[in-house]
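Written out below as structure tokens is the structure these notes cover.
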Amino acid sequence: MNKEKIKTIAYWVVTVLTAGNYAFAGFSYLQRGPEVVAGIGSLGYPLYFVSILGVWKILGAIAISIPKFPLLKEWAYAGMFINLTAASVSSLFVGNPIFHIIAPMILLVFVALSWALRPADRRLAGVWSLS
């Protein structure tokens, strides 16, 4: 198997996992299940914040999954970076268990890999990626 084919497979694996995670989380947030309500409450954020995050998570999952729209993808990846780092730092500041600090950083690795491995037709011209 050649290098380009391996890169394409790796891109799709991490992108499907990332988009799936974001879509599932988005729907969970919109349903406001007990775990979501408890989690957002432990961070000190208002409950309406989960609705905002839920919508943006679903839109982010769609944006990185559909073909074309490279500028939209850049914004989606940036939003995911902000979301995951904010989740980790928020958990750190309120003293949540270490899992809640590390888990978003693990997901951030998937987001970063999806961004870096994306094919040329999903990138803005001149934006760095793994070759």
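Chain labels A, B, ... are given in the sequence in which chains occur in the structure tokens; within each chain residues are numbered consecutively from 1, and ligands are likewise numbered from 1 in the order shown.
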
**OP:** Find the residues around Lys57 in chain A up to 6 Å (only C-alpha atoms counted), leave out those fewer than 4 positions away in its own chain, and share them as a PyMOL selection string.
**Re:** chain A and resi 22+26+53

Can you check which parts of range 25-130 of chain A lie within 6 Å of range 14-20 of chain A? Per residue, the shortest pair of atoms and distance in Å to one decimal, counting only C-alpha atoms, sorted by chain and number, as CSV.
```
residue,atom,partner,partner_atom,distance
A:Ala61,CA,A:Ala19,CA,4.3
A:Phe110,CA,A:Val14,CA,5.6
A:Ser114,CA,A:Thr15,CA,5.2
```

Could the residues in this selection be written to a file with C-alpha atoms, as a PDB file, in the first residue's frame?
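And here is the file that came out, part.pdb:
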```pdb
ATOM      1  CA  ALA A  61     -19.490  17.280  12.513  1.00  0.00           C
ATOM      2  CA  PHE A 110      -8.042  13.190  16.642  1.00  0.00           C
ATOM      3  CA  SER A 114      -8.112  14.991  10.852  1.00  0.00           C
TER       4      SER A 114
END
```

Original post:
Near Leu71 in chain A, counting only C-alpha atoms, which residues have an atom at most 9 Å away, once you skip same-chain residues fewer than 6 positions from it, shown as a list of chain:residue names?
Top reply: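 The residues that qualify are A:Arg122, A:Arg123, A:Leu124.
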
**OP:** Quick one: pick out all helix (DSSP H, G or I) residues within range 36-120 of chain A from a backbone DSSP run and write them as a PyMOL selection string.
**Re:** chain A and resi 36-43+48-65+70-94+98-117+120

Original post:
So, counting only C-alpha atoms, which residue among A:Ala87, A:Leu72, A:Ile9, A:Val37 is closest to Pro119 in chain A?
Top reply: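 Under the stated criterion, the closest residue is A:Ile9.
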
**OP:** Please provide as a list in words all residues within 12 Å of Met105 in chain A, with the sequence filter that same-chain residues fewer than 4 positions apart are discarded (counting only C-alpha atoms).
**Re:**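 Here the answer would be Met80, Phe81, Ile82, Asn83, Leu84, Thr85, Ala86, Ala87, Ser88, Val89, Ser91, Leu92, Ile98, Phe99, His100, Ile101, Val109, Phe110, Val111 and Ala112 of chain A.
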
Subject >> Coordinates-based distance that separates CA of Pro97 in chain A from CA of Gly79 in chain A (Å, one decimal) >> reply: 24.2 Å

Subject >> Among listed residues A:Leu47, A:Val55, A:Ile6, A:Ile106, nearest Leu30 in chain A (using only C-alpha atoms) >> reply: A:Val55

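Nearest to Leu43 in chain A of all the residues A:Ile58, A:Ala103, A:Ala25, A:Val94 is A:Val94, counting only C-alpha atoms.
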
Original post:
Counting only C-alpha atoms, which of A:Val50, A:Ile102, A:Ala76, A:Ile66 gets nearest to Ser28 in chain A?
Top reply: A:Val50

Subject >> Atomic separation - CA of Tyr29 in chain A relative to CA of Pro46 in chain A, Å >> reply: 12.8 Å

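As for CA of Pro104 in chain A and CA of Asn21 in chain A, they are spaced 11.3 Å apart.
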